[in-house]
2 protein chains.
Amino acid sequence: MPSVTQHNAKVGRPRSEQARDAVLHAADDLLEEVGYAALTVKGIAERAGVGRQTVYRWWSTKAEILFEACVTDAEEELSVPREPDPAADLASYLTALVTFLARSPAGAAYRALLAAAQHDRAVKELIATRDVLADSARTVLARNGLPTSDEAAARVIGTPFFWVMSGRDPDGLHPGELARDLMRDLAPPN
Amino acid sequence: MPSVTQHNAKVGRPRSEQARDAVLHAADDLLEEVGYAALTVKGIAERAGVGRQTVYRWWSTKAEILFEACVTDAEEELSVPREPDPAADLASYLTALVTFLARSPAGAAYRALLAAAQHDRAVKELIATRDVLADSARTVLARNGLPTSDEAAARVIGTPFFWVMSGRDPDGLHPGELARDLMRDLAPPN
DNA sequence: AGCGTTTCGATACACGGTGCCTCGTAATGG
DNA sequence: CCATTACGAGGCACCGTGTATCGAAACGCT
């Protein structure tokens, strides 16, 4: 038989890495230019100089494209160099978190995805596969001897997250005070 | 001249309250049935038994319709009866907040709106006109002698907000512990 | 080299929602 | 009864969706 699309095939023309990168970068650029709502698969394909079917072959939604386009950047921007003092380390992470969410293109993409997840189960499951925010928080908690539970991570992320998502000025938050309180609240035994 | 649509007109046929309610309820119902993504102005109009132009005359986006449809419910659900003990009062509010965000239809609408606000300035300004979440938190803070600053409200809302928005189990959060820590962190002078 | 397989870019298609416009009609005030 | 405005209904061009199909290109195998 003449075959159907068979993604893990060992024979035939291999997937073009060039096309893949072009799509990912086009999605990134267009998100900044036109915003998530006006982001279309058609637009991405045209900008990338790629057939529309080539996009649909590898991704089923624009959310999937965006997720693949921003996860790596997100993980990098949220992994901050360690500070000797635990409270300072936490404060530095909180600053990085706010900056990421409020100012980074990858952060904008992540907010758009988390937004879409609120009314799209597929997106919700997609972003659940790599819990970028909580994982980065857990890393910082762990290296400062604090509990790494889901609740602890949520305590760390919660305030900056709501701050940015509700459209408040990212410079208006005081990470130092927040870090100080979090240290006390989360200090073991618990 | 034969005139144009003139919303604050003193003459002519008055706006139909019946049509307004029908649209608002149709939006509410459809949000539950099909979700925000599949929610269309066309669908709302048909469900409401209303001309499509009648919808466009009073609202410019589906977000505006949804906002008007859920704000009142939201404010009601977030105004909890006062408890004698401050920590218990705060804990009771936190429970109501999680329930609202995670389980209430109005909460679902609010999450959808906040989601849309991440990539739509008009929606961001719209929901900023009535900061339902922060206002309800401020009320609880005030009646327990705690500071009512934006940051204090964000501290209260942050953790439950992130918890629900990131898709975690609403029953997995412990409002009592959170309330206890918040009381200590926010206690005056500050 | 030749063949089968799979992806490539390109294009066409039916479908459905958008936002605007126009129709004839209904409900106000002067 | 007339001017004015909103009403429900339906039509319109436009655009994005997701699928199908085309010939060409790029691989492994013999």
# chains A, B, ... in the order shown; residues from 1 in each chain; ligands from 1
>>> interface_residues(of="chain A", to="chain B", cutoff="6 Å", atoms="only C-alpha atoms", output="number ranges by chain")
A: 35-36, 115, 119, 154-155, 158-159, 162
>>> interface_residues(of="chain A", to="chain C", cutoff="12 Å", atoms="only C-alpha atoms (C1' of nucleotides)", output="VMD selection string")
chain A and resid 1 to 20 45 to 46 48 to 55 57 to 58
>>> interface_residues(of="chain D", to="chain A", cutoff="8 Å", atoms="only C-alpha atoms (C1' of nucleotides)", output="list of chain:residue names")
D:DG16, D:DA26, D:DC27, D:DG28
>>> write_last_selection(atoms="N, CA and C atoms (P, O5', C5', C4', C3', O3' and C1' of nucleotides)", output="PDB file, in the first residue's frame")
ATOM      1  P    DG D  16      -6.282  35.268   8.059  1.00  0.00           P
ATOM      2  O5'  DG D  16      -6.506  33.936   8.891  1.00  0.00           O
ATOM      3  C5'  DG D  16      -7.106  34.015  10.175  1.00  0.00           C
ATOM      4  C4'  DG D  16      -7.624  32.651  10.573  1.00  0.00           C
ATOM      5  C3'  DG D  16      -6.631  31.508  10.366  1.00  0.00           C
ATOM      6  O3'  DG D  16      -6.535  30.744  11.563  1.00  0.00           O
ATOM      7  C1'  DG D  16      -8.696  31.009   9.294  1.00  0.00           C
ATOM      8  P    DA D  26      16.671  17.609  -2.208  1.00  0.00           P
ATOM      9  O5'  DA D  26      16.702  16.397  -1.169  1.00  0.00           O
ATOM     10  C5'  DA D  26      16.074  16.551   0.099  1.00  0.00           C
ATOM     11  C4'  DA D  26      15.966  15.195   0.778  1.00  0.00           C
ATOM     12  C3'  DA D  26      17.266  14.375   0.760  1.00  0.00           C
ATOM     13  O3'  DA D  26      17.488  13.833   2.051  1.00  0.00           O
ATOM     14  C1'  DA D  26      15.477  13.087  -0.066  1.00  0.00           C
ATOM     15  P    DC D  27      18.947  13.610   2.615  1.00  0.00           P
ATOM     16  O5'  DC D  27      19.053  12.009   2.645  1.00  0.00           O
ATOM     17  C5'  DC D  27      18.810  11.329   3.835  1.00  0.00           C
ATOM     18  C4'  DC D  27      17.808  10.187   3.633  1.00  0.00           C
ATOM     19  C3'  DC D  27      18.427   8.816   3.360  1.00  0.00           C
ATOM     20  O3'  DC D  27      18.907   8.259   4.580  1.00  0.00           O
ATOM     21  C1'  DC D  27      16.325   9.136   2.226  1.00  0.00           C
ATOM     22  P    DG D  28      19.946   7.060   4.613  1.00  0.00           P
ATOM     23  O5'  DG D  28      18.991   5.803   4.311  1.00  0.00           O
ATOM     24  C5'  DG D  28      17.999   5.436   5.268  1.00  0.00           C
ATOM     25  C4'  DG D  28      17.367   4.099   4.886  1.00  0.00           C
ATOM     26  C3'  DG D  28      18.375   2.959   4.709  1.00  0.00           C
ATOM     27  O3'  DG D  28      17.798   1.747   5.198  1.00  0.00           O
ATOM     28  C1'  DG D  28      17.259   3.367   2.640  1.00  0.00           C
TER      29       DG D  28
END
>>> atom_distance(atom1="atom CA of Leu97 of chain B", atom2="atom CA of Ala63 of chain B")
21.7 Å
>>> residues_around(residues="segment 64-78 of chain A", least_positions_apart="3", cutoff="6 Å", atoms="only C-alpha atoms (C1' of nucleotides)", output="compact mmCIF listing (two decimals) with C-alpha atoms, in the first residue's frame")
# COMPACT_ATOMS: atom_id res chain seq x y z
CA LEU A 24 9.37 27.62 15.81
CA THR A 61 -2.46 23.24 17.53
CA ALA A 106 9.16 33.29 26.37
>>> atom_distance(atom1="atom CA of Asp29 of chain A", atom2="atom CA of Trp59 of chain A")
17.6 Å
>>> select_by_dssp(residues="segment 68-127 of chain B", states="alpha helix (DSSP H)", output="ChimeraX atom specification")
/B:68-77,86-103,105-117,121-127
>>> decode(residues="chain D", atoms="N, CA and C atoms (P, O5', C5', C4', C3', O3' and C1' of nucleotides)", output="PDB file, in the first residue's frame")
ATOM      1  P    DC D   1     -53.200  59.303  12.004  1.00  0.00           P
ATOM      2  O5'  DC D   1     -51.834  60.123  12.268  1.00  0.00           O
ATOM      3  C5'  DC D   1     -51.591  61.389  11.728  1.00  0.00           C
ATOM      4  C4'  DC D   1     -50.115  61.695  11.931  1.00  0.00           C
ATOM      5  C3'  DC D   1     -49.206  60.608  11.347  1.00  0.00           C
ATOM      6  O3'  DC D   1     -47.965  61.217  11.019  1.00  0.00           O
ATOM      7  C1'  DC D   1     -48.744  60.805  13.569  1.00  0.00           C
ATOM      8  P    DC D   2     -47.502  61.515   9.543  1.00  0.00           P
ATOM      9  O5'  DC D   2     -46.157  62.345   9.785  1.00  0.00           O
ATOM     10  C5'  DC D   2     -46.118  63.319  10.848  1.00  0.00           C
ATOM     11  C4'  DC D   2     -44.830  63.198  11.655  1.00  0.00           C
ATOM     12  C3'  DC D   2     -43.718  62.408  10.948  1.00  0.00           C
ATOM     13  O3'  DC D   2     -42.517  63.161  11.020  1.00  0.00           O
ATOM     14  C1'  DC D   2     -44.026  61.615  13.148  1.00  0.00           C
ATOM     15  P    DA D   3     -41.308  62.837  10.017  1.00  0.00           P
ATOM     16  O5'  DA D   3     -40.042  62.888  10.989  1.00  0.00           O
ATOM     17  C5'  DA D   3     -39.948  63.927  11.957  1.00  0.00           C
ATOM     18  C4'  DA D   3     -39.140  63.434  13.153  1.00  0.00           C
ATOM     19  C3'  DA D   3     -37.851  62.696  12.763  1.00  0.00           C
ATOM     20  O3'  DA D   3     -36.771  63.211  13.526  1.00  0.00           O
ATOM     21  C1'  DA D   3     -39.151  61.364  14.248  1.00  0.00           C
ATOM     22  P    DT D   4     -35.257  62.674  13.292  1.00  0.00           P
ATOM     23  O5'  DT D   4     -35.127  61.534  14.394  1.00  0.00           O
ATOM     24  C5'  DT D   4     -35.402  61.868  15.752  1.00  0.00           C
ATOM     25  C4'  DT D   4     -35.338  60.612  16.610  1.00  0.00           C
ATOM     26  C3'  DT D   4     -34.138  59.707  16.284  1.00  0.00           C
ATOM     27  O3'  DT D   4     -33.381  59.527  17.465  1.00  0.00           O
ATOM     28  C1'  DT D   4     -36.139  58.447  16.476  1.00  0.00           C
ATOM     29  P    DT D   5     -31.801  59.118  17.382  1.00  0.00           P
ATOM     30  O5'  DT D   5     -31.846  57.615  17.903  1.00  0.00           O
ATOM     31  C5'  DT D   5     -32.318  57.345  19.223  1.00  0.00           C
ATOM     32  C4'  DT D   5     -32.838  55.925  19.314  1.00  0.00           C
ATOM     33  C3'  DT D   5     -31.835  54.862  18.848  1.00  0.00           C
ATOM     34  O3'  DT D   5     -31.393  54.110  19.971  1.00  0.00           O
ATOM     35  C1'  DT D   5     -34.068  54.406  18.115  1.00  0.00           C
ATOM     36  P    DA D   6     -30.321  52.897  19.829  1.00  0.00           P
ATOM     37  O5'  DA D   6     -31.271  51.627  19.975  1.00  0.00           O
ATOM     38  C5'  DA D   6     -32.047  51.467  21.144  1.00  0.00           C
ATOM     39  C4'  DA D   6     -32.945  50.246  21.012  1.00  0.00           C
ATOM     40  C3'  DA D   6     -32.186  48.960  20.672  1.00  0.00           C
ATOM     41  O3'  DA D   6     -32.645  47.915  21.523  1.00  0.00           O
ATOM     42  C1'  DA D   6     -33.867  49.366  19.042  1.00  0.00           C
ATOM     43  P    DC D   7     -32.007  46.468  21.389  1.00  0.00           P
ATOM     44  O5'  DC D   7     -33.012  45.713  20.415  1.00  0.00           O
ATOM     45  C5'  DC D   7     -34.315  45.393  20.900  1.00  0.00           C
ATOM     46  C4'  DC D   7     -35.135  44.789  19.803  1.00  0.00           C
ATOM     47  C3'  DC D   7     -34.494  43.581  19.126  1.00  0.00           C
ATOM     48  O3'  DC D   7     -34.836  42.411  19.828  1.00  0.00           O
ATOM     49  C1'  DC D   7     -35.562  45.038  17.542  1.00  0.00           C
ATOM     50  P    DG D   8     -33.990  41.099  19.639  1.00  0.00           P
ATOM     51  O5'  DG D   8     -34.563  40.479  18.281  1.00  0.00           O
ATOM     52  C5'  DG D   8     -35.885  39.969  18.248  1.00  0.00           C
ATOM     53  C4'  DG D   8     -36.195  39.437  16.860  1.00  0.00           C
ATOM     54  C3'  DG D   8     -35.289  38.295  16.400  1.00  0.00           C
ATOM     55  O3'  DG D   8     -36.079  37.304  15.752  1.00  0.00           O
ATOM     56  C1'  DG D   8     -35.128  40.099  14.877  1.00  0.00           C
ATOM     57  P    DA D   9     -35.403  35.985  15.163  1.00  0.00           P
ATOM     58  O5'  DA D   9     -35.087  36.383  13.650  1.00  0.00           O
ATOM     59  C5'  DA D   9     -36.128  36.903  12.835  1.00  0.00           C
ATOM     60  C4'  DA D   9     -35.580  37.170  11.443  1.00  0.00           C
ATOM     61  C3'  DA D   9     -34.591  36.108  10.950  1.00  0.00           C
ATOM     62  O3'  DA D   9     -35.097  35.503   9.774  1.00  0.00           O
ATOM     63  C1'  DA D   9     -33.753  38.316  10.602  1.00  0.00           C
ATOM     64  P    DG D  10     -34.402  34.208   9.183  1.00  0.00           P
ATOM     65  O5'  DG D  10     -33.497  34.800   8.013  1.00  0.00           O
ATOM     66  C5'  DG D  10     -34.060  35.755   7.121  1.00  0.00           C
ATOM     67  C4'  DG D  10     -32.946  36.489   6.413  1.00  0.00           C
ATOM     68  C3'  DG D  10     -31.828  35.573   5.887  1.00  0.00           C
ATOM     69  O3'  DG D  10     -31.755  35.709   4.481  1.00  0.00           O
ATOM     70  C1'  DG D  10     -30.943  37.509   6.938  1.00  0.00           C
ATOM     71  P    DG D  11     -30.761  34.821   3.596  1.00  0.00           P
ATOM     72  O5'  DG D  11     -29.799  35.909   2.945  1.00  0.00           O
ATOM     73  C5'  DG D  11     -30.345  37.123   2.437  1.00  0.00           C
ATOM     74  C4'  DG D  11     -29.214  38.090   2.126  1.00  0.00           C
ATOM     75  C3'  DG D  11     -27.998  37.431   1.475  1.00  0.00           C
ATOM     76  O3'  DG D  11     -27.537  38.218   0.379  1.00  0.00           O
ATOM     77  C1'  DG D  11     -27.341  38.585   3.441  1.00  0.00           C
ATOM     78  P    DC D  12     -26.476  37.617  -0.666  1.00  0.00           P
ATOM     79  O5'  DC D  12     -25.109  38.270  -0.203  1.00  0.00           O
ATOM     80  C5'  DC D  12     -24.957  39.693  -0.256  1.00  0.00           C
ATOM     81  C4'  DC D  12     -23.679  40.104   0.437  1.00  0.00           C
ATOM     82  C3'  DC D  12     -22.475  39.229   0.081  1.00  0.00           C
ATOM     83  O3'  DC D  12     -21.765  39.818  -1.002  1.00  0.00           O
ATOM     84  C1'  DC D  12     -22.570  39.783   2.447  1.00  0.00           C
ATOM     85  P    DA D  13     -20.599  38.978  -1.722  1.00  0.00           P
ATOM     86  O5'  DA D  13     -19.295  39.488  -0.979  1.00  0.00           O
ATOM     87  C5'  DA D  13     -19.075  40.890  -0.817  1.00  0.00           C
ATOM     88  C4'  DA D  13     -17.880  41.110   0.104  1.00  0.00           C
ATOM     89  C3'  DA D  13     -16.599  40.386  -0.337  1.00  0.00           C
ATOM     90  O3'  DA D  13     -15.472  41.200  -0.010  1.00  0.00           O
ATOM     91  C1'  DA D  13     -17.290  39.556   1.770  1.00  0.00           C
ATOM     92  P    DC D  14     -13.989  40.698  -0.405  1.00  0.00           P
ATOM     93  O5'  DC D  14     -13.447  40.125   0.978  1.00  0.00           O
ATOM     94  C5'  DC D  14     -13.416  40.997   2.119  1.00  0.00           C
ATOM     95  C4'  DC D  14     -12.979  40.208   3.349  1.00  0.00           C
ATOM     96  C3'  DC D  14     -11.765  39.295   3.100  1.00  0.00           C
ATOM     97  O3'  DC D  14     -10.684  39.740   3.907  1.00  0.00           O
ATOM     98  C1'  DC D  14     -13.487  38.184   4.353  1.00  0.00           C
ATOM     99  P    DC D  15      -9.200  39.174   3.676  1.00  0.00           P
ATOM    100  O5'  DC D  15      -9.094  38.077   4.818  1.00  0.00           O
ATOM    101  C5'  DC D  15      -9.413  38.433   6.160  1.00  0.00           C
ATOM    102  C4'  DC D  15      -9.504  37.176   7.011  1.00  0.00           C
ATOM    103  C3'  DC D  15      -8.362  36.192   6.769  1.00  0.00           C
ATOM    104  O3'  DC D  15      -7.742  35.921   8.014  1.00  0.00           O
ATOM    105  C1'  DC D  15     -10.454  35.080   6.737  1.00  0.00           C
ATOM    106  P    DG D  16      -6.282  35.268   8.059  1.00  0.00           P
ATOM    107  O5'  DG D  16      -6.506  33.936   8.891  1.00  0.00           O
ATOM    108  C5'  DG D  16      -7.106  34.015  10.175  1.00  0.00           C
ATOM    109  C4'  DG D  16      -7.624  32.651  10.573  1.00  0.00           C
ATOM    110  C3'  DG D  16      -6.631  31.508  10.366  1.00  0.00           C
ATOM    111  O3'  DG D  16      -6.535  30.744  11.563  1.00  0.00           O
ATOM    112  C1'  DG D  16      -8.696  31.009   9.294  1.00  0.00           C
ATOM    113  P    DT D  17      -5.767  29.327  11.540  1.00  0.00           P
ATOM    114  O5'  DT D  17      -6.932  28.301  11.240  1.00  0.00           O
ATOM    115  C5'  DT D  17      -8.073  28.275  12.085  1.00  0.00           C
ATOM    116  C4'  DT D  17      -8.900  27.033  11.810  1.00  0.00           C
ATOM    117  C3'  DT D  17      -8.075  25.748  11.769  1.00  0.00           C
ATOM    118  O3'  DT D  17      -8.616  24.838  12.717  1.00  0.00           O
ATOM    119  C1'  DT D  17      -9.414  25.978   9.781  1.00  0.00           C
ATOM    120  P    DG D  18      -7.655  23.786  13.408  1.00  0.00           P
ATOM    121  O5'  DG D  18      -7.753  22.542  12.415  1.00  0.00           O
ATOM    122  C5'  DG D  18      -9.009  21.910  12.278  1.00  0.00           C
ATOM    123  C4'  DG D  18      -9.055  21.117  10.988  1.00  0.00           C
ATOM    124  C3'  DG D  18      -7.891  20.130  10.799  1.00  0.00           C
ATOM    125  O3'  DG D  18      -8.472  18.870  10.483  1.00  0.00           O
ATOM    126  C1'  DG D  18      -8.229  21.410   8.847  1.00  0.00           C
ATOM    127  P    DT D  19      -7.574  17.577  10.304  1.00  0.00           P
ATOM    128  O5'  DT D  19      -7.877  17.202   8.784  1.00  0.00           O
ATOM    129  C5'  DT D  19      -9.223  17.236   8.326  1.00  0.00           C
ATOM    130  C4'  DT D  19      -9.263  17.086   6.822  1.00  0.00           C
ATOM    131  C3'  DT D  19      -8.316  16.007   6.276  1.00  0.00           C
ATOM    132  O3'  DT D  19      -9.072  15.072   5.525  1.00  0.00           O
ATOM    133  C1'  DT D  19      -8.081  18.054   5.068  1.00  0.00           C
ATOM    134  P    DA D  20      -8.378  13.770   4.889  1.00  0.00           P
ATOM    135  O5'  DA D  20      -8.186  14.208   3.362  1.00  0.00           O
ATOM    136  C5'  DA D  20      -9.253  14.837   2.677  1.00  0.00           C
ATOM    137  C4'  DA D  20      -8.800  15.218   1.270  1.00  0.00           C
ATOM    138  C3'  DA D  20      -7.856  14.196   0.623  1.00  0.00           C
ATOM    139  O3'  DA D  20      -8.330  13.872  -0.678  1.00  0.00           O
ATOM    140  C1'  DA D  20      -6.889  16.377   0.564  1.00  0.00           C
ATOM    141  P    DT D  21      -7.638  12.673  -1.505  1.00  0.00           P
ATOM    142  O5'  DT D  21      -6.701  13.439  -2.548  1.00  0.00           O
ATOM    143  C5'  DT D  21      -7.202  14.601  -3.200  1.00  0.00           C
ATOM    144  C4'  DT D  21      -6.073  15.342  -3.896  1.00  0.00           C
ATOM    145  C3'  DT D  21      -5.009  14.424  -4.511  1.00  0.00           C
ATOM    146  O3'  DT D  21      -4.923  14.655  -5.906  1.00  0.00           O
ATOM    147  C1'  DT D  21      -4.013  16.222  -3.321  1.00  0.00           C
ATOM    148  P    DC D  22      -4.027  13.676  -6.841  1.00  0.00           P
ATOM    149  O5'  DC D  22      -2.805  14.608  -7.296  1.00  0.00           O
ATOM    150  C5'  DC D  22      -3.077  15.846  -7.950  1.00  0.00           C
ATOM    151  C4'  DC D  22      -1.839  16.727  -7.951  1.00  0.00           C
ATOM    152  C3'  DC D  22      -0.568  15.991  -8.345  1.00  0.00           C
ATOM    153  O3'  DC D  22      -0.326  16.182  -9.729  1.00  0.00           O
ATOM    154  C1'  DC D  22      -0.228  17.460  -6.444  1.00  0.00           C
ATOM    155  P    DG D  23       0.594  15.094 -10.519  1.00  0.00           P
ATOM    156  O5'  DG D  23       2.051  15.729 -10.419  1.00  0.00           O
ATOM    157  C5'  DG D  23       2.275  17.062 -10.879  1.00  0.00           C
ATOM    158  C4'  DG D  23       3.570  17.576 -10.285  1.00  0.00           C
ATOM    159  C3'  DG D  23       4.810  16.725 -10.631  1.00  0.00           C
ATOM    160  O3'  DG D  23       5.902  17.592 -10.894  1.00  0.00           O
ATOM    161  C1'  DG D  23       4.576  16.860  -8.292  1.00  0.00           C
ATOM    162  P    DA D  24       7.309  16.995 -11.326  1.00  0.00           P
ATOM    163  O5'  DA D  24       8.219  17.314 -10.048  1.00  0.00           O
ATOM    164  C5'  DA D  24       8.264  18.655  -9.546  1.00  0.00           C
ATOM    165  C4'  DA D  24       9.058  18.697  -8.247  1.00  0.00           C
ATOM    166  C3'  DA D  24      10.417  17.994  -8.324  1.00  0.00           C
ATOM    167  O3'  DA D  24      11.387  18.798  -7.685  1.00  0.00           O
ATOM    168  C1'  DA D  24       9.156  17.108  -6.528  1.00  0.00           C
ATOM    169  P    DA D  25      12.934  18.453  -7.806  1.00  0.00           P
ATOM    170  O5'  DA D  25      13.294  18.028  -6.308  1.00  0.00           O
ATOM    171  C5'  DA D  25      12.990  18.925  -5.241  1.00  0.00           C
ATOM    172  C4'  DA D  25      13.230  18.235  -3.907  1.00  0.00           C
ATOM    173  C3'  DA D  25      14.581  17.519  -3.799  1.00  0.00           C
ATOM    174  O3'  DA D  25      15.114  17.788  -2.518  1.00  0.00           O
ATOM    175  C1'  DA D  25      12.837  16.005  -3.307  1.00  0.00           C
ATOM    176  P    DA D  26      16.671  17.609  -2.208  1.00  0.00           P
ATOM    177  O5'  DA D  26      16.702  16.397  -1.169  1.00  0.00           O
ATOM    178  C5'  DA D  26      16.074  16.551   0.099  1.00  0.00           C
ATOM    179  C4'  DA D  26      15.966  15.195   0.778  1.00  0.00           C
ATOM    180  C3'  DA D  26      17.266  14.375   0.760  1.00  0.00           C
ATOM    181  O3'  DA D  26      17.488  13.833   2.051  1.00  0.00           O
ATOM    182  C1'  DA D  26      15.477  13.087  -0.066  1.00  0.00           C
ATOM    183  P    DC D  27      18.947  13.610   2.615  1.00  0.00           P
ATOM    184  O5'  DC D  27      19.053  12.009   2.645  1.00  0.00           O
ATOM    185  C5'  DC D  27      18.810  11.329   3.835  1.00  0.00           C
ATOM    186  C4'  DC D  27      17.808  10.187   3.633  1.00  0.00           C
ATOM    187  C3'  DC D  27      18.427   8.816   3.360  1.00  0.00           C
ATOM    188  O3'  DC D  27      18.907   8.259   4.580  1.00  0.00           O
ATOM    189  C1'  DC D  27      16.325   9.136   2.226  1.00  0.00           C
ATOM    190  P    DG D  28      19.946   7.060   4.613  1.00  0.00           P
ATOM    191  O5'  DG D  28      18.991   5.803   4.311  1.00  0.00           O
ATOM    192  C5'  DG D  28      17.999   5.436   5.268  1.00  0.00           C
ATOM    193  C4'  DG D  28      17.367   4.099   4.886  1.00  0.00           C
ATOM    194  C3'  DG D  28      18.375   2.959   4.709  1.00  0.00           C
ATOM    195  O3'  DG D  28      17.798   1.747   5.198  1.00  0.00           O
ATOM    196  C1'  DG D  28      17.259   3.367   2.640  1.00  0.00           C
ATOM    197  P    DC D  29      18.693   0.428   5.240  1.00  0.00           P
ATOM    198  O5'  DC D  29      18.255  -0.327   3.909  1.00  0.00           O
ATOM    199  C5'  DC D  29      16.877  -0.635   3.698  1.00  0.00           C
ATOM    200  C4'  DC D  29      16.680  -1.231   2.320  1.00  0.00           C
ATOM    201  C3'  DC D  29      17.699  -2.322   1.959  1.00  0.00           C
ATOM    202  O3'  DC D  29      17.009  -3.532   1.711  1.00  0.00           O
ATOM    203  C1'  DC D  29      17.465  -0.732   0.185  1.00  0.00           C
ATOM    204  P    DT D  30      17.895  -4.904   1.644  1.00  0.00           P
ATOM    205  O5'  DT D  30      17.977  -5.143   0.082  1.00  0.00           O
ATOM    206  C5'  DT D  30      16.778  -5.141  -0.700  1.00  0.00           C
ATOM    207  C4'  DT D  30      17.116  -5.028  -2.177  1.00  0.00           C
ATOM    208  C3'  DT D  30      18.157  -6.046  -2.664  1.00  0.00           C
ATOM    209  O3'  DT D  30      17.651  -6.726  -3.797  1.00  0.00           O
ATOM    210  C1'  DT D  30      18.685  -3.873  -3.430  1.00  0.00           C
TER     211       DT D  30
END
